[in-house]
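Engineer: For reference, this is work00.cif, and it has mmCIF, C-alpha atoms.
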```
data_entry
loop_
_atom_site.label_atom_id
_atom_site.label_comp_id
_atom_site.auth_asym_id
_atom_site.auth_seq_id
_atom_site.Cartn_x
_atom_site.Cartn_y
_atom_site.Cartn_z
CA MET N 173 -254.18 70.01 154.97
CA ALA N 174 -250.96 68.45 153.70
CA LEU N 175 -249.67 66.28 150.87
CA THR N 176 -248.55 62.72 151.17
CA LYS N 177 -245.03 62.06 149.94
CA ASP N 178 -246.51 60.22 146.97
CA GLN N 179 -248.62 63.25 146.08
CA LEU N 180 -245.47 65.34 146.23
CA LEU N 181 -243.11 63.08 144.33
CA LYS N 182 -245.15 61.30 141.65
CA PRO N 183 -246.09 64.43 139.66
CA LEU N 184 -242.55 65.73 140.05
CA ALA N 185 -241.08 62.50 138.70
CA GLU N 186 -243.40 62.75 135.70
CA LEU N 187 -242.38 66.32 134.90
CA ARG N 188 -238.69 66.53 135.85
CA GLY N 189 -237.41 65.54 132.39
CA ARG N 190 -233.60 65.72 132.33
CA SER N 191 -233.36 67.91 135.41
CA VAL N 192 -230.92 67.00 138.15
CA VAL N 193 -232.80 66.00 141.31
CA VAL N 194 -230.99 66.18 144.64
CA THR N 195 -232.80 64.56 147.56
CA CYS N 196 -232.24 64.49 151.27
CA MET N 197 -233.57 62.90 154.43
CA SER N 198 -237.17 61.62 154.46
CA VAL N 199 -237.85 61.89 150.71
CA THR N 200 -234.63 60.13 149.70
CA ARG N 201 -236.00 56.61 149.75
CA PRO N 202 -239.51 57.44 148.43
CA TRP N 203 -237.98 59.35 145.47
CA GLY N 204 -236.09 56.20 144.56
CA ARG N 205 -239.41 54.43 144.11
CA TYR N 206 -240.38 56.86 141.35
CA SER N 207 -237.08 57.49 139.65
CA SER N 208 -233.86 55.74 138.76
CA SER N 209 -232.33 58.46 136.61
CA ASP N 210 -228.58 58.95 136.22
CA LEU N 211 -229.32 62.55 137.21
CA ASP N 212 -230.62 61.65 140.68
CA PHE N 213 -228.36 62.33 143.63
CA ALA N 214 -229.04 61.45 147.25
CA SER N 215 -227.41 63.73 149.76
CA ALA N 216 -227.30 60.81 152.17
CA ASP N 217 -224.29 59.80 154.27
CA SER N 218 -223.19 63.36 153.55
CA ALA N 219 -223.00 66.59 155.58
CA MET N 220 -226.10 67.45 157.59
CA GLY N 221 -227.87 70.56 156.37
CA HIS N 222 -225.77 71.05 153.26
CA THR N 223 -228.05 69.71 150.53
CA ALA N 224 -229.23 73.08 149.25
CA ASP N 225 -225.72 74.51 148.93
CA LEU N 226 -224.51 71.37 147.17
CA ALA N 227 -227.42 71.67 144.72
CA LEU N 228 -226.59 75.36 144.26
CA GLY N 229 -223.07 74.41 143.21
CA ILE N 230 -224.39 71.97 140.60
CA ALA N 231 -226.82 74.60 139.34
CA LEU N 232 -224.09 77.22 138.96
CA ALA N 233 -221.87 74.76 137.13
CA ARG N 234 -224.61 73.67 134.69
CA PRO N 235 -226.73 76.78 134.00
CA GLU N 236 -228.27 75.11 130.95
CA ARG N 237 -229.91 72.44 133.10
CA LYS N 238 -232.62 72.69 135.77
CA VAL N 239 -231.56 71.54 139.24
CA ILE N 240 -234.32 70.51 141.64
CA CYS N 241 -233.40 70.24 145.30
CA LEU N 242 -235.75 68.41 147.68
CA ASN N 243 -234.52 69.70 151.00
CA GLY N 244 -235.93 68.84 154.41
CA ASP N 245 -237.27 71.48 156.80
CA GLY N 246 -234.81 70.51 159.54
CA SER N 247 -232.00 70.54 157.00
CA MET N 248 -232.99 73.98 155.72
CA LEU N 249 -232.97 75.34 159.26
CA MET N 250 -229.39 74.15 159.71
CA THR N 251 -228.18 76.47 156.94
CA LEU N 252 -230.82 79.16 156.54
CA GLY N 253 -228.09 81.46 155.29
CA THR N 254 -228.02 79.42 152.10
CA LEU N 255 -231.23 81.19 151.09
CA ALA N 256 -229.21 84.42 150.91
CA THR N 257 -226.32 82.67 149.18
CA VAL N 258 -228.67 81.35 146.48
CA ILE N 259 -229.97 84.85 145.83
CA GLY N 260 -226.50 86.37 145.84
CA ALA N 261 -225.27 83.75 143.40
CA GLY N 262 -228.31 84.21 141.17
CA ALA N 263 -228.84 80.59 140.17
CA ALA N 264 -231.70 81.04 137.71
CA ASN N 265 -231.96 77.27 137.14
CA LEU N 266 -232.41 76.20 140.78
CA VAL N 267 -235.76 75.05 142.16
CA LEU N 268 -235.45 74.68 145.91
CA PHE N 269 -238.15 72.68 147.67
CA VAL N 270 -238.48 72.55 151.42
CA VAL N 271 -240.45 69.46 152.38
CA GLN N 272 -242.10 70.56 155.58
CA ASN N 273 -243.38 67.92 157.98
CA ASP N 274 -242.24 69.89 161.06
CA THR N 275 -240.20 66.96 162.35
CA TYR N 276 -236.86 65.19 162.08
CA GLU N 277 -238.59 62.17 160.61
CA ILE N 278 -235.50 60.00 160.13
CA THR N 279 -234.71 59.97 163.84
CA GLY N 280 -238.27 59.39 165.01
CA ASN N 281 -240.26 62.53 164.27
CA GLN N 282 -238.87 64.84 166.94
CA GLU N 283 -240.21 68.35 166.35
CA ILE N 284 -238.03 70.91 164.60
CA PRO N 285 -237.59 74.27 166.36
CA ALA N 286 -240.67 76.48 165.87
CA ALA N 287 -242.63 73.55 164.46
CA GLY N 288 -246.04 74.65 163.26
CA ARG N 289 -245.08 78.33 163.44
CA ILE N 290 -242.17 78.77 161.07
CA ASP N 291 -243.02 80.14 157.64
CA PHE N 292 -240.40 79.04 155.11
CA ALA N 293 -242.08 80.86 152.23
CA LEU N 294 -241.85 84.11 154.17
CA LEU N 295 -238.19 83.46 154.96
CA ALA N 296 -237.50 82.85 151.27
CA ARG N 297 -239.25 86.07 150.29
CA GLY N 298 -237.26 87.92 152.91
CA ALA N 299 -234.04 86.53 151.48
CA GLY N 300 -234.96 87.87 148.06
CA PHE N 301 -236.66 84.99 146.23
CA ARG N 302 -239.16 86.45 143.82
CA ARG N 303 -240.85 83.23 142.81
CA VAL N 304 -242.15 81.58 145.97
CA TYR N 305 -244.83 78.91 146.30
CA ASP N 306 -246.40 77.48 149.45
CA PHE N 307 -248.47 74.33 148.96
CA LYS N 308 -250.77 72.46 151.32
CA ASP N 309 -253.40 71.35 148.82
CA PRO N 310 -252.44 68.30 146.70
CA ASP N 311 -254.66 69.31 143.79
CA LEU N 312 -253.33 72.86 143.64
CA TYR N 313 -249.78 71.52 143.83
CA LYS N 314 -250.36 69.12 140.95
CA THR N 315 -251.96 71.70 138.69
CA THR N 316 -249.38 74.39 139.49
CA LEU N 317 -246.29 72.19 139.24
CA PRO N 318 -245.71 72.74 135.49
CA GLU N 319 -245.58 76.50 136.16
CA VAL N 320 -243.23 75.96 139.12
CA LEU N 321 -240.79 74.03 136.97
CA SER N 322 -240.83 76.41 134.04
CA GLY N 323 -239.35 79.85 133.64
CA GLU N 324 -236.54 81.60 135.37
CA GLY N 325 -235.60 81.08 138.99
CA PRO N 326 -234.37 80.71 141.56
CA VAL N 327 -237.70 79.28 142.65
CA PHE N 328 -238.58 78.44 146.24
CA VAL N 329 -241.29 75.88 147.01
CA ALA N 330 -242.51 75.12 150.51
CA VAL N 331 -244.66 72.00 150.62
CA ARG N 332 -246.47 70.81 153.73
CA VAL N 333 -246.35 67.04 153.88
CA GLU N 334 -247.78 64.49 156.28
CA LYS N 335 -245.51 63.00 158.89
CA GLY N 336 -244.11 59.65 157.83
CA GLU N 337 -242.17 56.77 159.24
CA GLU N 338 -238.98 56.76 157.17
CA GLY N 339 -236.15 55.31 159.19
CA PRO N 340 -232.41 55.97 158.93
CA ILE N 341 -231.01 55.83 155.41
CA SER N 342 -228.01 53.71 154.58
CA ARG N 343 -225.89 53.39 151.50
CA SER N 344 -225.82 49.65 151.12
CA ALA N 345 -227.13 46.67 149.21
CA LYS N 346 -230.04 46.57 151.65
CA GLU N 347 -231.56 49.65 150.02
CA GLN N 348 -233.92 49.22 147.07
CA SER N 349 -233.08 52.45 145.27
CA PRO N 350 -230.11 52.16 142.90
CA TYR N 351 -228.82 55.57 143.99
CA LEU N 352 -228.52 54.36 147.56
CA ARG N 353 -226.70 51.15 146.69
CA VAL N 354 -223.43 52.93 145.89
CA SER N 355 -221.14 55.02 148.05
CA LEU N 356 -221.49 58.78 148.27
CA ALA N 357 -218.18 59.20 146.44
CA GLN N 358 -219.23 56.85 143.63
CA SER N 359 -222.54 58.63 143.33
CA ALA N 360 -220.85 62.07 143.11
CA HIS N 361 -218.39 60.86 140.48
CA ASP N 362 -221.16 59.14 138.49
CA LEU N 363 -223.25 62.31 138.44
CA ARG N 364 -220.24 64.30 137.26
CA LYS N 365 -219.83 61.83 134.38
CA ALA N 366 -223.49 62.17 133.49
CA LEU N 367 -223.26 65.97 133.55
CA THR N 368 -219.96 66.30 131.74
CA PRO N 369 -219.87 63.78 128.92
CA PRO N 370 -216.63 63.47 126.96
CA ARG N 371 -216.30 66.21 124.36
CA PHE N 372 -215.58 63.66 121.67
CA PRO N 373 -217.48 60.37 121.75
CA THR N 374 -215.31 57.28 121.95
CA LEU N 375 -215.72 54.45 119.46
CA MET I 36 -196.54 88.14 152.42
CA VAL I 37 -198.11 86.87 149.25
CA SER I 38 -199.57 89.09 146.56
CA ALA I 39 -203.28 88.66 145.82
CA LYS I 40 -202.65 89.46 142.15
CA SER I 41 -200.11 86.65 141.87
CA VAL I 42 -202.40 84.25 143.71
CA LEU I 43 -205.22 85.05 141.29
CA GLU I 44 -202.95 84.52 138.30
CA GLU I 45 -201.91 81.13 139.67
CA LEU I 46 -205.53 80.18 140.31
CA LYS I 47 -206.43 81.09 136.74
CA ALA I 48 -203.54 79.03 135.44
CA CYS I 49 -204.95 76.07 137.39
CA GLY I 50 -208.32 76.45 135.65
CA VAL I 51 -210.22 78.00 138.54
CA MET I 52 -213.51 79.56 137.44
CA HIS I 53 -215.09 80.16 140.85
CA VAL I 54 -213.70 81.34 144.16
CA ILE I 55 -216.06 80.59 147.03
CA GLY I 56 -215.65 82.06 150.43
CA LEU I 57 -216.17 84.60 153.13
CA ALA I 58 -213.74 87.49 153.17
CA ASP I 59 -211.45 88.21 156.11
CA ASN I 60 -208.57 90.63 156.55
CA ALA I 61 -206.10 88.17 155.06
CA SER I 62 -208.13 87.45 151.92
CA ALA I 63 -209.66 90.92 151.48
CA ALA I 64 -207.19 91.93 148.76
CA LEU I 65 -208.03 88.83 146.73
CA VAL I 66 -211.77 89.36 147.13
CA SER I 67 -211.38 92.98 146.01
CA LEU I 68 -209.49 91.88 142.92
CA LEU I 69 -212.17 89.35 142.08
CA ALA I 70 -214.83 92.05 142.17
CA GLY I 71 -213.27 93.50 139.04
CA ASP I 72 -212.38 90.25 137.31
CA ASP I 73 -214.53 88.89 134.50
CA SER I 74 -212.98 85.45 134.16
CA VAL I 75 -213.20 84.19 137.76
CA ARG I 76 -216.40 84.56 139.69
CA TYR I 77 -216.48 85.16 143.44
CA ILE I 78 -219.38 83.55 145.27
CA ALA I 79 -219.91 84.89 148.77
CA VAL I 80 -221.34 82.52 151.36
CA THR I 81 -222.94 83.34 154.70
CA ARG I 82 -220.95 80.72 156.60
CA GLU I 83 -217.88 78.80 155.54
CA GLY I 84 -219.54 75.39 155.74
CA GLU I 85 -221.61 76.34 152.71
CA ALA I 86 -218.45 76.88 150.72
CA PHE I 87 -217.29 73.26 150.85
CA ALA I 88 -220.70 71.91 149.81
CA LEU I 89 -221.02 74.53 147.08
CA ALA I 90 -217.54 73.78 145.74
CA SER I 91 -218.37 70.07 145.74
CA GLY I 92 -221.49 70.77 143.70
CA LEU I 93 -219.49 72.85 141.25
CA TRP I 94 -217.03 70.01 140.77
CA ILE I 95 -219.87 67.53 140.23
CA GLY I 96 -221.08 69.92 137.54
CA GLY I 97 -217.65 69.94 135.93
CA LYS I 98 -216.16 73.20 137.23
CA THR I 99 -212.94 73.83 139.12
CA SER I 100 -213.21 76.09 142.13
CA VAL I 101 -211.23 77.06 145.19
CA VAL I 102 -212.48 77.73 148.71
CA VAL I 103 -211.10 80.71 150.63
CA ALA I 104 -211.84 80.75 154.35
CA GLN I 105 -210.30 81.88 157.60
CA ASN I 106 -209.13 79.16 159.99
CA THR I 107 -211.97 80.07 162.37
CA GLY I 108 -214.51 79.46 159.60
CA PHE I 109 -212.70 76.30 158.59
CA LEU I 110 -213.05 75.01 162.15
CA GLU I 111 -216.75 75.91 162.13
CA SER I 112 -217.31 74.04 158.88
CA GLY I 113 -215.71 70.74 159.80
CA ASP I 114 -218.65 68.44 159.12
CA SER I 115 -219.39 70.11 155.81
CA LEU I 116 -215.88 69.47 154.54
CA ARG I 117 -215.89 65.94 155.94
CA GLY I 118 -219.32 65.06 154.56
CA THR I 119 -218.93 66.62 151.13
CA ALA I 120 -215.53 67.13 149.52
CA GLN I 121 -213.70 64.59 151.65
CA ARG I 122 -216.31 61.83 151.67
CA MET I 123 -217.12 62.40 147.99
CA ARG I 124 -213.41 62.18 147.05
CA ILE I 125 -213.49 65.58 145.38
CA PRO I 126 -210.25 67.24 144.33
CA LEU I 127 -210.57 70.62 145.99
CA VAL I 128 -207.95 73.17 146.95
CA CYS I 129 -208.74 75.30 150.00
CA LEU I 130 -206.88 78.49 150.89
CA ILE I 131 -207.20 78.76 154.65
CA THR I 132 -206.00 82.04 156.10
CA TYR I 133 -204.07 81.41 159.28
CA ARG I 134 -205.26 83.95 161.86
CA GLY I 135 -202.91 84.15 164.83
CA CYS I 136 -200.14 82.22 163.11
CA LYS I 137 -197.30 84.67 163.77
CA GLU I 138 -197.78 84.93 167.54
CA MET I 139 -198.53 81.22 167.87
CA ARG I 140 -195.27 80.35 166.12
CA ARG I 141 -193.34 82.79 168.33
CA GLN I 142 -194.82 81.31 171.49
CA LYS I 143 -194.17 77.80 170.27
CA ALA I 144 -190.53 78.66 169.62
CA VAL I 145 -190.19 80.01 173.14
CA ALA I 146 -192.06 77.16 174.86
CA GLY I 147 -190.56 74.34 172.83
CA PRO I 148 -192.29 71.09 171.89
CA ARG I 149 -194.94 70.53 174.53
CA PRO I 150 -198.77 70.47 174.53
CA TRP I 151 -200.47 73.84 174.86
CA THR I 152 -201.73 74.55 178.35
CA VAL I 153 -205.28 75.47 179.38
CA GLU I 154 -204.00 78.95 180.28
CA GLU I 155 -202.51 79.43 176.80
CA PHE I 156 -205.85 78.57 175.22
CA SER I 157 -207.42 81.53 177.01
CA ARG I 158 -204.60 84.08 176.78
CA ALA I 159 -205.62 87.32 175.10
CA ASP I 160 -202.31 87.65 173.27
CA LEU I 161 -202.49 84.14 171.80
CA ASP I 162 -205.16 83.15 169.28
CA SER I 163 -206.52 79.70 170.08
CA ALA I 164 -207.76 79.40 166.48
CA ALA I 165 -204.10 79.23 165.44
CA ILE I 166 -203.27 76.68 168.14
CA VAL I 167 -205.82 74.16 166.88
CA THR I 168 -205.53 74.74 163.10
CA GLU I 169 -202.73 72.33 162.20
CA PRO I 170 -203.70 69.61 164.71
CA THR I 171 -207.22 69.74 163.24
CA LEU I 172 -205.93 69.40 159.68
CA GLU I 173 -203.86 66.42 160.78
CA ALA I 174 -206.78 64.84 162.64
CA TRP I 175 -208.96 65.19 159.54
CA ASN I 176 -206.26 63.71 157.34
CA LEU I 177 -206.06 66.82 155.19
CA PRO I 178 -202.69 67.38 153.52
CA PHE I 179 -201.48 70.95 153.89
CA ASP I 180 -198.67 73.29 152.94
CA TYR I 181 -197.90 76.96 153.53
CA LEU I 182 -198.31 80.02 151.35
CA GLU I 183 -196.11 82.60 153.03
CA THR I 184 -194.43 84.65 150.29
CA ASP I 185 -194.57 84.91 146.50
CA ALA I 186 -191.75 82.35 146.41
CA ASP I 187 -194.35 79.80 147.54
CA LEU I 188 -196.72 80.47 144.64
CA PRO I 189 -195.77 77.25 142.78
CA ARG I 190 -197.33 75.42 145.72
CA ILE I 191 -200.75 76.41 144.39
CA ALA I 192 -200.27 74.35 141.23
CA GLN I 193 -198.72 71.58 143.31
CA ALA I 194 -201.79 71.55 145.56
CA PHE I 195 -204.10 71.25 142.53
CA SER I 196 -201.98 68.43 141.13
CA ARG I 197 -202.05 66.54 144.40
CA ALA I 198 -205.79 67.09 144.87
CA ALA I 199 -206.46 65.72 141.38
CA ARG I 200 -203.98 62.84 141.66
CA GLU I 201 -205.33 61.67 145.02
CA SER I 202 -208.94 62.78 144.52
CA ARG I 203 -209.11 64.63 147.84
CA PRO I 204 -209.18 68.11 149.35
CA VAL I 205 -205.79 69.78 149.90
CA VAL I 206 -205.19 72.85 152.06
CA LEU I 207 -202.82 75.78 151.66
CA LEU I 208 -202.36 77.84 154.81
CA VAL I 209 -201.98 81.54 154.05
CA THR I 210 -199.88 82.76 156.96
CA GLU I 211 -200.18 86.55 156.49
CA ASN I 212 -202.57 89.05 154.95
CA MET I 213 -202.42 89.06 151.16
CA THR I 214 -201.28 92.37 149.73
#
```
Would it be possible to restate this file's structure as structure tokens?

Structural biologist:
Amino acid sequence: MALTKDQLLKPLAELRGRSVVVTCMSVTRPWGRYSSSDLDFASADSAMGHTADLALGIALARPERKVICLNGDGSMLMTLGTLATVIGAGAANLVLFVVQNDTYEITGNQEIPAAGRIDFALLARGAGFRRVYDFKDPDLYKTTLPEVLSGEGPVFVAVRVEKGEEGPISRSAKEQSPYLRVSLAQSAHDLRKALTPPRFPTL
Amino acid sequence: MVSAKSVLEELKACGVMHVIGLADNASAALVSLLAGDDSVRYIAVTREGEAFALASGLWIGGKTSVVVAQNTGFLESGDSLRGTAQRMRIPLVCLITYRGCKEMRRQKAVAGPRPWTVEEFSRADLDSAAIVTEPTLEAWNLPFDYLETDADLPRIAQAFSRAARESRPVVLLVTENMT
């Protein structure tokens, strides 16, 4: 059993409020169909495997705000050590999802190492995460999501999703999602502006 | 040699609230100082590549940080630095400790201006991490300067100014162990 990307993202978009949402790889484009918030950030055209640590930095800088990271399973494997870094840093406002389809979907669904055998929830527990969820059932995910997003973290959420057919992501006018129609630099600077408004409003 | 206490004071004066890195012999004194400091937080990473992404996230969230890494870890983390701080145009100062610098400079002075040989890359008394550090910084278009003694401490503020002015990462090479 596994969720579709829509079953994963739609309830999340409804509940995220003013949380920062950082996406990567195969959920980047689908998330843009549900959200066009100034607090969305696509870790696309960026550094492979470094979405979770980037999100951790945002979370540490803005402890008053929830930061939701939608990481890929292949991406998480590239920097598994980040699980320990998150725990060491103690980011209580970080919710780290690993979207597990067992493949590198963007490049044609090649299997990740240990596909079908790796247990991300167990890895997270081993790293020291105390709040860990592992979802395969869409209904259970939807009913539990409010609990996942509330309370103190860091929270780790493994979600099994169906394989898809998302192709390579570009940052260009060809993309539908507003957050993919600007450069990575522009997107980073825009998010900083959204997170750090001027202390005194201008007339 | 540069004093860790003076480096920390300079970093504080530049508004640094987080130091992110992985300790080595050259930065150990600074990391020890940070353990007892309430105003600047040290965030340990498991691999240096995390540090550049994490620092980029901190800047996006409005905080000034500095990355401290050994040149070996810097070389390991190339794509992270390229794909985050550099590509995002983030003003970030990186203190890169320069393992093998002293012997590399001595050998270079003896050999004169010529490319390093294959044999030199594998010599036990010559650290190949030092050989490739500056050419790598140049190839990645990263401006750099040296932090060798306490007389160089003003270069920290200069690095922050340049990083902010040009919206880019700037590197300071720490040539000896901090004391």

Engineer: For segment 137-143 of chain I, find every residue with an atom within 7 Å (counting all atoms listed in the file), except residues of its own chain fewer than 4 positions away, and show them as a PDB file with C-alpha atoms, keeping the file's coordinate frame.

Structural biologist:
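Contents of the output file part_39.pdb:
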```pdb
ATOM      1  CA  GLY I 147    -190.560  74.340 172.830  1.00  0.00           C
ATOM      2  CA  LEU I 161    -202.490  84.140 171.800  1.00  0.00           C
ATOM      3  CA  ALA I 165    -204.100  79.230 165.440  1.00  0.00           C
ATOM      4  CA  ILE I 166    -203.270  76.680 168.140  1.00  0.00           C
TER       5      ILE I 166
END
```

Engineer: Please provide as a ChimeraX atom specification all residues within 7 Å of Ala86 of chain I, with the sequence filter that same-chain residues fewer than 2 positions apart are discarded (counting all atoms listed in the file).

Structural biologist: /I:55-56,80,83-84,88-90,102

Engineer: Give the answer as one residue: which of I:Ala198, I:Ala104, I:Leu116, I:Leu69 has the shortest atom-to-atom distance to Arg134 of chain I, using all atoms listed in the file?

Structural biologist: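 When distances to Arg134 of chain I are compared using all atoms listed in the file, the smallest one comes from I:Ala104.
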
Engineer: Set the distance at 6 Å and use all atoms listed in the file: which residues neighbour Pro126 of chain I once local chain neighbours fewer than 4 positions away are removed? I'd like the list as an MDAnalysis selection string.

Structural biologist: chainID I and resid 198:199 202:204

Engineer: Take the residues from that selection and put them in a file with C-alpha atoms, as a compact mmCIF listing (two decimals), in the frame of the given file.

Structural biologist:
```txt
# COMPACT_ATOMS: atom_id res chain seq x y z
CA ALA I 198 -205.79 67.09 144.87
CA ALA I 199 -206.46 65.72 141.38
CA SER I 202 -208.94 62.78 144.52
CA ARG I 203 -209.11 64.63 147.84
CA PRO I 204 -209.18 68.11 149.35
```

Engineer: What is the distance, in Å and to one decimal place, between atom CA of Arg332 of chain N and atom CA of Arg190 of chain N?

Structural biologist: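 Taking atom CA of Arg332 of chain N as the start and atom CA of Arg190 of chain N as the end point, the length is 25.5 Å.
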
Engineer: Measuring atom to atom with all atoms listed in the file, identify which of N:Ile230, N:Gly244, N:Lys335, N:Tyr313 is nearest to Thr195 of chain N.

Structural biologist: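 Ranked by minimum distance to Thr195 of chain N, first place goes to N:Gly244.
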
Engineer: For the PyMOL selection byres ((chain N) within 8 of (chain I)), applied here, can you spell out every residue it catches as a PyMOL selection string?

Structural biologist: chain N and resi 217-220+222-223+225-234+251+253-254+256-257+260-261+356-358+360-361+363-364+367-368

Engineer: Run the PyMOL selection byres ((chain N and resi 288) around 12) on the file and write out the hits as a PyMOL selection string.

Structural biologist: chain N and resi 245+272-275+283-287+289-292+332

Engineer: Please list as a PyMOL selection string every residue within 12 Å of Thr200 of chain N, counting all atoms listed in the file and excluding residues in the same chain fewer than 5 positions away.

Structural biologist: chain N and resi 177+181+193-195+205-208+212-217+223+241-244+271+277-278+338-343+347-352

Engineer: Can you work out the spacing between atom CA of Phe269 of chain N and atom CA of Ile240 of chain N in Å, to one decimal?

Structural biologist: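 Rounded to one decimal, the two atoms are 7.5 Å apart.
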